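Undergrad: File follows, upload_6.csv with CSV, C-alpha atoms and all ligand atoms:
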chain,number,residue,atom,x,y,z
J,28,MET,CA,-16.5,-184.3,-14.1
J,29,THR,CA,-12.9,-183.7,-15.1
J,30,ASN,CA,-11.4,-186.4,-17.2
J,31,PRO,CA,-9.0,-188.9,-15.6
J,32,TYR,CA,-6.0,-187.3,-17.4
J,33,GLU,CA,-6.7,-183.8,-16.0
J,34,LEU,CA,-7.3,-185.3,-12.6
J,35,ALA,CA,-3.9,-187.0,-12.8
J,36,GLN,CA,-2.3,-183.6,-13.8
J,37,LEU,CA,-3.9,-181.9,-10.9
J,38,ALA,CA,-2.7,-184.6,-8.4
J,39,ALA,CA,0.8,-184.5,-10.0
J,40,ASN,CA,1.0,-180.8,-9.4
J,41,GLU,CA,-0.2,-181.2,-5.8
J,42,LEU,CA,2.4,-184.0,-5.3
J,43,ARG,CA,5.2,-181.8,-6.8
J,44,ASN,CA,4.3,-179.0,-4.4
J,45,LEU,CA,4.1,-181.2,-1.3
J,46,SER,CA,7.3,-183.3,-2.1
J,47,GLY,CA,9.4,-180.6,-3.7
J,48,VAL,CA,10.2,-183.0,-6.5
J,49,ASP,CA,9.9,-181.3,-9.9
J,50,ALA,CA,10.1,-184.5,-11.9
J,51,TYR,CA,10.4,-188.1,-10.8
J,52,ASP,CA,12.4,-190.7,-12.7
J,53,VAL,CA,10.9,-193.9,-11.5
J,54,ALA,CA,7.6,-194.8,-9.8
J,55,VAL,CA,7.4,-198.1,-7.9
J,56,VAL,CA,4.0,-199.4,-6.9
J,57,LEU,CA,4.4,-201.5,-3.9
J,58,GLY,CA,2.4,-204.7,-3.6
J,59,SER,CA,2.0,-207.0,-0.6
J,60,GLY,CA,5.4,-207.6,1.0
J,61,TRP,CA,7.3,-205.2,-1.2
J,62,LYS,CA,6.5,-202.2,1.1
J,63,GLU,CA,8.3,-203.7,4.0
J,64,GLY,CA,11.2,-204.6,1.8
J,65,ALA,CA,11.4,-201.0,0.3
J,66,GLY,CA,12.8,-199.8,3.7
J,67,ALA,CA,16.1,-201.1,2.4
J,68,LEU,CA,16.3,-198.3,-0.1
J,69,GLY,CA,16.9,-195.8,2.6
J,70,GLU,CA,15.1,-193.0,4.3
J,71,PRO,CA,12.6,-191.1,2.2
J,72,PHE,CA,13.0,-187.3,2.3
J,73,ASN,CA,9.3,-186.9,2.0
J,74,VAL,CA,6.1,-188.9,2.8
J,75,ILE,CA,2.6,-187.9,1.7
J,76,PRO,CA,-0.6,-189.6,2.7
J,77,SER,CA,-1.9,-190.3,-0.8
J,78,ALA,CA,-5.5,-189.6,0.2
J,79,SER,CA,-4.5,-186.0,0.5
J,80,LEU,CA,-4.0,-185.8,-3.3
J,81,SER,CA,-6.9,-185.3,-5.7
J,82,GLY,CA,-8.5,-188.4,-7.0
J,83,PHE,CA,-6.7,-190.8,-4.6
J,84,ILE,CA,-8.9,-193.1,-2.5
J,85,ALA,CA,-7.9,-194.7,0.8
J,86,PRO,CA,-7.4,-198.5,0.4
J,87,THR,CA,-9.5,-200.8,2.4
J,88,VAL,CA,-7.2,-203.8,2.5
J,89,ALA,CA,-5.1,-204.6,5.6
J,90,GLY,CA,-1.4,-204.3,4.7
J,91,HIS,CA,-2.0,-201.6,2.0
J,92,SER,CA,-1.5,-198.2,3.6
J,93,GLY,CA,-1.8,-195.3,1.2
J,94,GLN,CA,1.4,-193.2,1.2
J,95,ILE,CA,3.8,-191.9,-1.4
J,96,PHE,CA,7.5,-191.9,-0.3
J,97,SER,CA,10.0,-189.8,-2.2
J,98,LEU,CA,13.6,-190.7,-2.2
J,99,ASP,CA,16.9,-190.4,-4.0
J,100,PHE,CA,18.4,-193.7,-5.0
J,101,ALA,CA,21.2,-194.4,-7.4
J,102,GLY,CA,21.0,-190.8,-8.7
J,103,LYS,CA,17.3,-191.1,-9.5
J,104,LYS,CA,14.2,-189.5,-8.0
J,105,VAL,CA,12.1,-192.4,-7.0
J,106,ALA,CA,8.5,-192.4,-5.8
J,107,LEU,CA,7.3,-195.5,-3.8
J,108,VAL,CA,3.6,-195.8,-4.0
J,109,SER,CA,2.0,-197.9,-1.3
J,110,GLY,CA,-1.7,-198.5,-0.8
J,111,ARG,CA,-2.8,-199.8,-4.1
J,112,VAL,CA,-6.6,-199.9,-4.7
J,113,HIS,CA,-8.2,-202.8,-6.5
J,114,LEU,CA,-11.3,-203.5,-8.5
J,115,TYR,CA,-12.4,-205.9,-5.9
J,116,GLU,CA,-12.8,-203.0,-3.4
J,117,GLY,CA,-15.6,-201.7,-5.7
J,118,HIS,CA,-13.4,-199.2,-7.5
J,119,ARG,CA,-13.4,-198.4,-11.2
J,120,ALA,CA,-10.5,-199.1,-13.6
J,121,ASP,CA,-9.8,-195.3,-13.8
J,122,GLN,CA,-9.5,-195.1,-10.0
J,123,VAL,CA,-7.3,-198.2,-9.9
J,124,VAL,CA,-4.8,-196.6,-12.4
J,125,HIS,CA,-5.0,-193.0,-11.0
J,126,PRO,CA,-1.7,-193.3,-9.0
J,127,VAL,CA,0.2,-194.6,-12.0
J,128,ARG,CA,-1.2,-191.8,-14.2
J,129,THR,CA,-0.4,-189.3,-11.5
J,130,LEU,CA,3.3,-190.4,-11.2
J,131,ILE,CA,3.8,-190.4,-14.9
J,132,ALA,CA,2.3,-186.9,-15.0
J,133,ALA,CA,4.8,-186.0,-12.3
J,134,GLY,CA,7.6,-187.0,-14.7
J,135,ALA,CA,8.2,-190.8,-14.1
J,136,SER,CA,9.2,-192.4,-17.3
J,137,THR,CA,9.6,-195.8,-15.8
J,138,VAL,CA,6.9,-197.6,-13.8
J,139,VAL,CA,7.7,-200.7,-11.7
J,140,LEU,CA,4.6,-202.7,-10.7
J,141,THR,CA,5.2,-205.1,-7.9
J,142,ASN,CA,2.7,-207.6,-6.5
J,143,ALA,CA,2.2,-210.8,-4.7
J,144,ALA,CA,0.8,-213.6,-6.9
J,145,GLY,CA,-0.2,-217.2,-6.9
J,146,GLY,CA,2.3,-219.4,-8.7
J,147,LEU,CA,1.3,-222.1,-11.2
J,148,ASP,CA,4.7,-223.5,-11.9
J,149,PRO,CA,5.6,-226.2,-9.3
J,150,SER,CA,9.3,-225.3,-9.8
J,151,ILE,CA,8.8,-221.6,-8.9
J,152,GLY,CA,7.6,-221.8,-5.3
J,153,PRO,CA,6.7,-219.3,-2.6
J,154,GLY,CA,9.5,-216.7,-2.0
J,155,HIS,CA,10.6,-216.6,-5.7
J,156,VAL,CA,10.4,-213.4,-7.7
J,157,VAL,CA,9.3,-213.6,-11.3
J,158,VAL,CA,9.8,-210.9,-13.9
J,159,ILE,CA,6.5,-210.4,-15.8
J,160,ARG,CA,7.1,-211.0,-19.5
J,161,ASP,CA,3.5,-210.5,-20.6
J,162,GLN,CA,0.0,-210.5,-19.2
J,163,ILE,CA,-3.5,-211.8,-19.7
J,164,ASN,CA,-6.1,-209.3,-18.6
J,165,LEU,CA,-9.2,-211.3,-17.5
J,166,THR,CA,-10.6,-208.5,-15.3
J,167,GLY,CA,-13.3,-207.8,-18.0
J,168,THR,CA,-12.3,-204.1,-17.9
J,169,SER,CA,-9.7,-201.7,-19.2
J,170,PRO,CA,-8.5,-198.3,-18.1
J,171,MET,CA,-9.0,-197.2,-21.7
J,172,GLU,CA,-12.7,-197.8,-21.4
J,173,GLY,CA,-14.9,-194.7,-21.5
J,174,PRO,CA,-14.6,-191.4,-23.5
J,175,ALA,CA,-11.6,-191.2,-25.8
J,176,PRO,CA,-8.5,-189.6,-24.2
J,177,PRO,CA,-8.2,-185.8,-24.7
J,178,GLU,CA,-6.2,-184.1,-27.4
J,179,GLY,CA,-2.5,-184.7,-26.9
J,180,TYR,CA,-2.8,-188.2,-25.5
J,181,GLY,CA,-2.4,-191.5,-27.4
J,182,SER,CA,-5.3,-193.4,-28.9
J,183,ARG,CA,-7.3,-195.5,-26.6
J,184,PHE,CA,-6.6,-198.4,-29.0
J,185,VAL,CA,-3.2,-198.8,-27.4
J,186,ASP,CA,-0.7,-201.3,-28.8
J,187,LEU,CA,0.3,-203.9,-26.1
J,188,THR,CA,2.7,-205.9,-28.2
J,189,ASP,CA,5.7,-204.9,-26.0
J,190,LEU,CA,3.7,-204.1,-22.9
J,191,TYR,CA,6.4,-205.1,-20.5
J,192,SER,CA,9.5,-203.4,-21.9
J,193,ALA,CA,12.0,-205.9,-23.3
J,194,ASP,CA,14.9,-203.5,-22.5
J,195,LEU,CA,13.8,-203.2,-18.8
J,196,ARG,CA,13.5,-207.0,-18.5
J,197,SER,CA,16.9,-207.6,-19.9
J,198,ALA,CA,18.4,-204.9,-17.6
J,199,VAL,CA,16.8,-206.7,-14.6
J,200,HIS,CA,18.1,-210.1,-15.8
J,201,GLY,CA,21.6,-208.5,-16.2
J,202,ALA,CA,21.5,-207.2,-12.6
J,203,VAL,CA,19.9,-210.2,-10.9
J,204,THR,CA,20.8,-213.5,-12.7
J,205,ASP,CA,18.5,-216.0,-11.0
J,206,LEU,CA,15.0,-214.6,-11.8
J,207,ALA,CA,12.5,-216.5,-13.9
J,208,ASP,CA,10.2,-214.8,-16.5
J,209,GLY,CA,6.5,-215.4,-16.6
J,210,VAL,CA,3.0,-214.5,-17.7
J,211,TYR,CA,0.7,-212.8,-15.2
J,212,LEU,CA,-3.0,-213.4,-15.5
J,213,GLY,CA,-5.1,-210.8,-13.8
J,214,LEU,CA,-8.5,-211.5,-12.4
J,215,ARG,CA,-10.9,-209.4,-10.3
J,216,GLY,CA,-11.0,-211.6,-7.2
J,217,PRO,CA,-11.2,-211.1,-4.3
J,218,HIS,CA,-12.0,-214.8,-3.9
J,219,TYR,CA,-9.1,-217.0,-4.8
J,220,GLU,CA,-9.4,-219.2,-7.8
J,221,THR,CA,-10.8,-222.7,-8.0
J,222,PRO,CA,-8.4,-225.5,-9.1
J,223,ALA,CA,-10.4,-225.6,-12.4
J,224,GLU,CA,-9.8,-221.9,-13.0
J,225,ILE,CA,-6.1,-222.4,-12.3
J,226,GLU,CA,-6.1,-225.3,-14.8
J,227,MET,CA,-7.7,-222.8,-17.3
J,228,ALA,CA,-5.0,-220.3,-16.5
J,229,ARG,CA,-2.3,-222.8,-17.1
J,230,VAL,CA,-3.8,-223.8,-20.5
J,231,MET,CA,-3.8,-220.1,-21.4
J,232,GLY,CA,-0.1,-219.9,-20.7
J,233,ALA,CA,-0.1,-218.2,-17.3
J,234,THR,CA,2.7,-218.6,-14.8
J,235,LEU,CA,1.2,-216.3,-12.1
J,236,VAL,CA,-2.3,-215.2,-11.1
J,237,GLY,CA,-3.2,-212.1,-9.2
J,238,MET,CA,-5.7,-209.3,-8.7
J,239,SER,CA,-3.8,-206.2,-9.6
J,240,THR,CA,-1.2,-204.9,-12.0
J,241,VAL,CA,-2.8,-205.6,-15.4
J,242,LEU,CA,-4.8,-202.3,-15.6
J,243,GLU,CA,-1.9,-200.2,-14.3
J,244,ALA,CA,0.4,-201.7,-16.9
J,245,ILE,CA,-2.0,-200.8,-19.7
J,246,ALA,CA,-2.4,-197.2,-18.4
J,247,ALA,CA,1.3,-196.8,-18.1
J,248,ARG,CA,2.0,-198.1,-21.5
J,249,HIS,CA,-0.6,-195.8,-23.0
J,250,LEU,CA,1.3,-192.9,-21.5
J,251,ASN,CA,4.5,-194.2,-23.0
J,252,ALA,CA,6.2,-195.1,-19.8
J,253,GLY,CA,8.5,-198.1,-19.6
J,254,VAL,CA,6.7,-200.8,-17.7
J,255,LEU,CA,8.5,-203.4,-15.5
J,256,GLY,CA,6.5,-206.0,-13.5
J,257,LEU,CA,7.8,-208.0,-10.6
J,258,SER,CA,5.8,-210.7,-8.8
J,259,LEU,CA,6.6,-212.3,-5.5
J,260,VAL,CA,5.2,-215.8,-5.5
J,261,SER,CA,3.4,-215.8,-2.2
J,262,ASN,CA,1.7,-219.1,-2.5
J,263,TYR,CA,1.1,-221.9,-5.0
J,264,ALA,CA,-2.1,-221.2,-6.8
J,265,ALA,CA,-5.2,-223.3,-5.9
J,266,GLY,CA,-4.7,-227.0,-6.7
J,267,VAL,CA,-1.0,-226.7,-7.6
J,268,ALA,CA,0.3,-228.0,-4.2
J,269,GLY,CA,-2.8,-229.1,-2.4
J,270,GLY,CA,-4.0,-227.4,0.7
J,271,ALA,CA,-6.1,-224.3,1.2
J,272,LEU,CA,-5.2,-220.6,0.5
J,273,ASN,CA,-5.8,-217.7,2.8
J,274,HIS,CA,-5.1,-214.0,2.8
J,275,ALA,CA,-3.1,-214.1,6.0
J,276,GLU,CA,-0.7,-216.6,4.5
J,277,VAL,CA,-0.3,-214.3,1.4
J,278,LEU,CA,0.6,-211.4,3.7
J,279,GLU,CA,2.9,-213.6,5.9
J,280,ALA,CA,4.8,-214.7,2.8
J,281,GLY,CA,5.3,-211.1,1.9
J,282,GLN,CA,6.7,-210.3,5.4
J,283,ALA,CA,9.0,-213.3,5.2
J,284,ALA,CA,10.4,-212.2,1.8
J,285,ALA,CA,10.7,-208.5,2.7
J,286,ALA,CA,14.4,-208.4,3.2
J,287,SER,CA,15.1,-210.2,-0.1
J,288,LEU,CA,12.6,-208.0,-1.9
J,289,GLY,CA,14.4,-204.9,-0.6
J,290,ALA,CA,17.8,-206.3,-1.7
J,291,LEU,CA,16.3,-207.1,-5.1
J,292,LEU,CA,14.9,-203.6,-5.5
J,293,SER,CA,18.2,-202.0,-4.6
J,294,ARG,CA,19.9,-204.1,-7.3
J,295,VAL,CA,17.2,-203.4,-9.9
J,296,LEU,CA,16.7,-199.6,-9.5
J,297,PRO,CA,20.2,-198.6,-10.6
J,298,VAL,CA,19.8,-200.3,-14.0
J,299,LEU,CA,16.4,-198.9,-14.9
P,301,LIG,N1,-4.6,-215.9,-6.6
P,301,LIG,C1,-4.9,-214.6,-6.9
P,301,LIG,N2,-4.3,-213.6,-6.3
P,301,LIG,C2,-3.3,-213.8,-5.5
P,301,LIG,C3,-2.9,-215.1,-5.1
P,301,LIG,C4,-3.6,-216.2,-5.7
P,301,LIG,O1,-3.3,-217.4,-5.4
P,301,LIG,N3,-1.9,-215.0,-4.3
P,301,LIG,C5,-1.6,-213.7,-4.1
P,301,LIG,N4,-2.5,-213.0,-4.8
Please, can you express the file's structure as structure tokens?

TA:
Amino acid sequence: MTNPYELAQLAANELRNLSGVDAYDVAVVLGSGWKEGAGALGEPFNVIPSASLSGFIAPTVAGHSGQIFSLDFAGKKVALVSGRVHLYEGHRADQVVHPVRTLIAAGASTVVLTNAAGGLDPSIGPGHVVVIRDQINLTGTSPMEGPAPPEGYGSRFVDLTDLYSADLRSAVHGAVTDLADGVYLGLRGPHYETPAEIEMARVMGATLVGMSTVLEAIAARHLNAGVLGLSLVSNYAAGVAGGALNHAEVLEAGQAAAASLGALLSRVLPVL
């Protein structure tokens, strides 16, 4: 088996050939709701079904189609990656982070990870966007697990002290003044949490809970990309506001916020 880094190089070369983009500047991984919003960034000049690239797997979640959109925005070559795959679909950590490794291999030095998340702070309700300040990875796995990275790559014992780039966070706050900062706690899911688990998350310091992002952030940091994380609060986490949670509501919250997410991305991308 080729190692995950060679596989990402292979996929990156395929992507370059198919898109005509020699080197991307920014990769944006689109979570629930963000894909609809990203239409506001304008017409892509190229669209590739991601399953046509080596190592990419088709997502099984409704609302997550697998495509890579290439576009010019604010003088940058931007790749929008839709169709994230998750651990809860039965995939391994290296498969989950493969799109991020591929886009970095294709030149992207900044990775924007977007998602929909449950909110723990009663004052940051559904529809708000939170800039991820730090994360707690409770997935029980890591993209760095397994054989050591090959020659030329950083150590698997990667430092995460400044995982979410302070420079990128302050650039975003400069461009959009009303965004909160928070800590994202990543779990495997796909079940939603119990109120007791959310209480645990709160004690741990979490602002948001979700089932993605944490592994991609680690993989991107390992490859020296600047990492920015943006969460749409799609619902109050279990027990925060009473009432039950369901996946359809999470998707609906994304649709409802789409226009404002698109506007937000178009203000953020120029300052990255
Ligand atoms: N919990 C976990 N993941 C989520 C949630 C949640 O409440 N909302 C959206 N993704």

Undergrad: Pick out the residues no farther than 7 Å from ligand LIG 301 (chain P), counting all atoms listed in the file, and list them as a PDB file with C-alpha atoms, in the coordinates of the input.

TA:
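Final output, out-v2.pdb:
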ATOM      1  CA  ALA J 143       2.200-210.800  -4.700  1.00  0.00           C
ATOM      2  CA  ALA J 144       0.800-213.600  -6.900  1.00  0.00           C
ATOM      3  CA  GLY J 145      -0.200-217.200  -6.900  1.00  0.00           C
ATOM      4  CA  GLY J 146       2.300-219.400  -8.700  1.00  0.00           C
ATOM      5  CA  GLY J 216     -11.000-211.600  -7.200  1.00  0.00           C
ATOM      6  CA  TYR J 219      -9.100-217.000  -4.800  1.00  0.00           C
ATOM      7  CA  GLU J 220      -9.400-219.200  -7.800  1.00  0.00           C
ATOM      8  CA  VAL J 236      -2.300-215.200 -11.100  1.00  0.00           C
ATOM      9  CA  GLY J 237      -3.200-212.100  -9.200  1.00  0.00           C
ATOM     10  CA  MET J 238      -5.700-209.300  -8.700  1.00  0.00           C
ATOM     11  CA  SER J 261       3.400-215.800  -2.200  1.00  0.00           C
ATOM     12  CA  ASN J 262       1.700-219.100  -2.500  1.00  0.00           C
ATOM     13  CA  TYR J 263       1.100-221.900  -5.000  1.00  0.00           C
ATOM     14  CA  ALA J 264      -2.100-221.200  -6.800  1.00  0.00           C
ATOM     15  CA  ALA J 265      -5.200-223.300  -5.900  1.00  0.00           C
ATOM     16  CA  LEU J 272      -5.200-220.600   0.500  1.00  0.00           C
ATOM     17  CA  VAL J 277      -0.300-214.300   1.400  1.00  0.00           C
TER      18      VAL J 277
END

Undergrad: Quick check, in Å to one decimal: how far apart do atom CA of Asp186 of chain J and atom CA of Ala252 of chain J lie?

TA: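 So the two atoms, atom CA of Asp186 of chain J and atom CA of Ala252 of chain J, lie 12.9 Å apart.
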
Undergrad: Go through J:Phe100, J:Tyr32, J:Tyr211, J:Trp61 and flag the residue nearest Leu165 of chain J, using all atoms listed in the file for the distances.

TA: J:Tyr211

Undergrad: Separation of atom CA of Asn30 of chain J and atom CA of Pro174 of chain J, in Å?

TA: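 Separation between atom CA of Asn30 of chain J and atom CA of Pro174 of chain J: 8.7 Å.
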
Undergrad: I want to know what sits within 12 Å of Ile95 of chain J, based on only C-alpha atoms, with residues of the same chain fewer than 3 positions away left out; could you give that as a ChimeraX atom specification?

TA: /J:39,42-43,45-46,54-57,62,65,71-80,83,91-92,98,105-111,126-127,129-130

Undergrad: Could you give me, as a list of chain:residue names, the residues within 8 Å of Leu68 of chain J, counting only C-alpha atoms and dropping anything in the same chain fewer than 5 positions from it?

TA: J:Phe100, J:Gly289, J:Leu292, J:Ser293

Undergrad: Using only C-alpha atoms for the distances, tell me which of J:Asn142, J:Asn40, J:Ser182, J:Ser59 is nearest to Glu243 of chain J.

TA: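 Nearest candidate to Glu243 of chain J out of J:Asn142, J:Asn40, J:Ser182, J:Ser59: J:Asn142.
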
Undergrad: Looking at J:Ile84, J:His155, J:Ala286, J:Glu33, which one is nearest to Gly66 of chain J, with distances taken over only C-alpha atoms?

TA: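 Once distances to Gly66 of chain J are computed over only C-alpha atoms, the minimum belongs to J:Ala286.
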
Undergrad: Ranking J:Gln94, J:Ser81, J:Ser136, J:Ser150 by minimum distance to Ala268 of chain J and counting all atoms listed in the file, which one comes first?

TA: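 Looking only at the distances to Ala268 of chain J, the closest residue turns out to be J:Ser150.
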
Undergrad: So that I can see what lies close to Leu250 of chain J, please list as a list of chain:residue names the residues with an atom at most 8 Å from it, counting only C-alpha atoms and leaving out residues fewer than 2 positions away in the same chain.

TA: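 Skipping anything fewer than 2 positions along the chain leaves J:Arg128, J:Ile131, J:Tyr180, J:Gly181, J:Ala246, J:Ala247, J:Arg248, J:Ala252.
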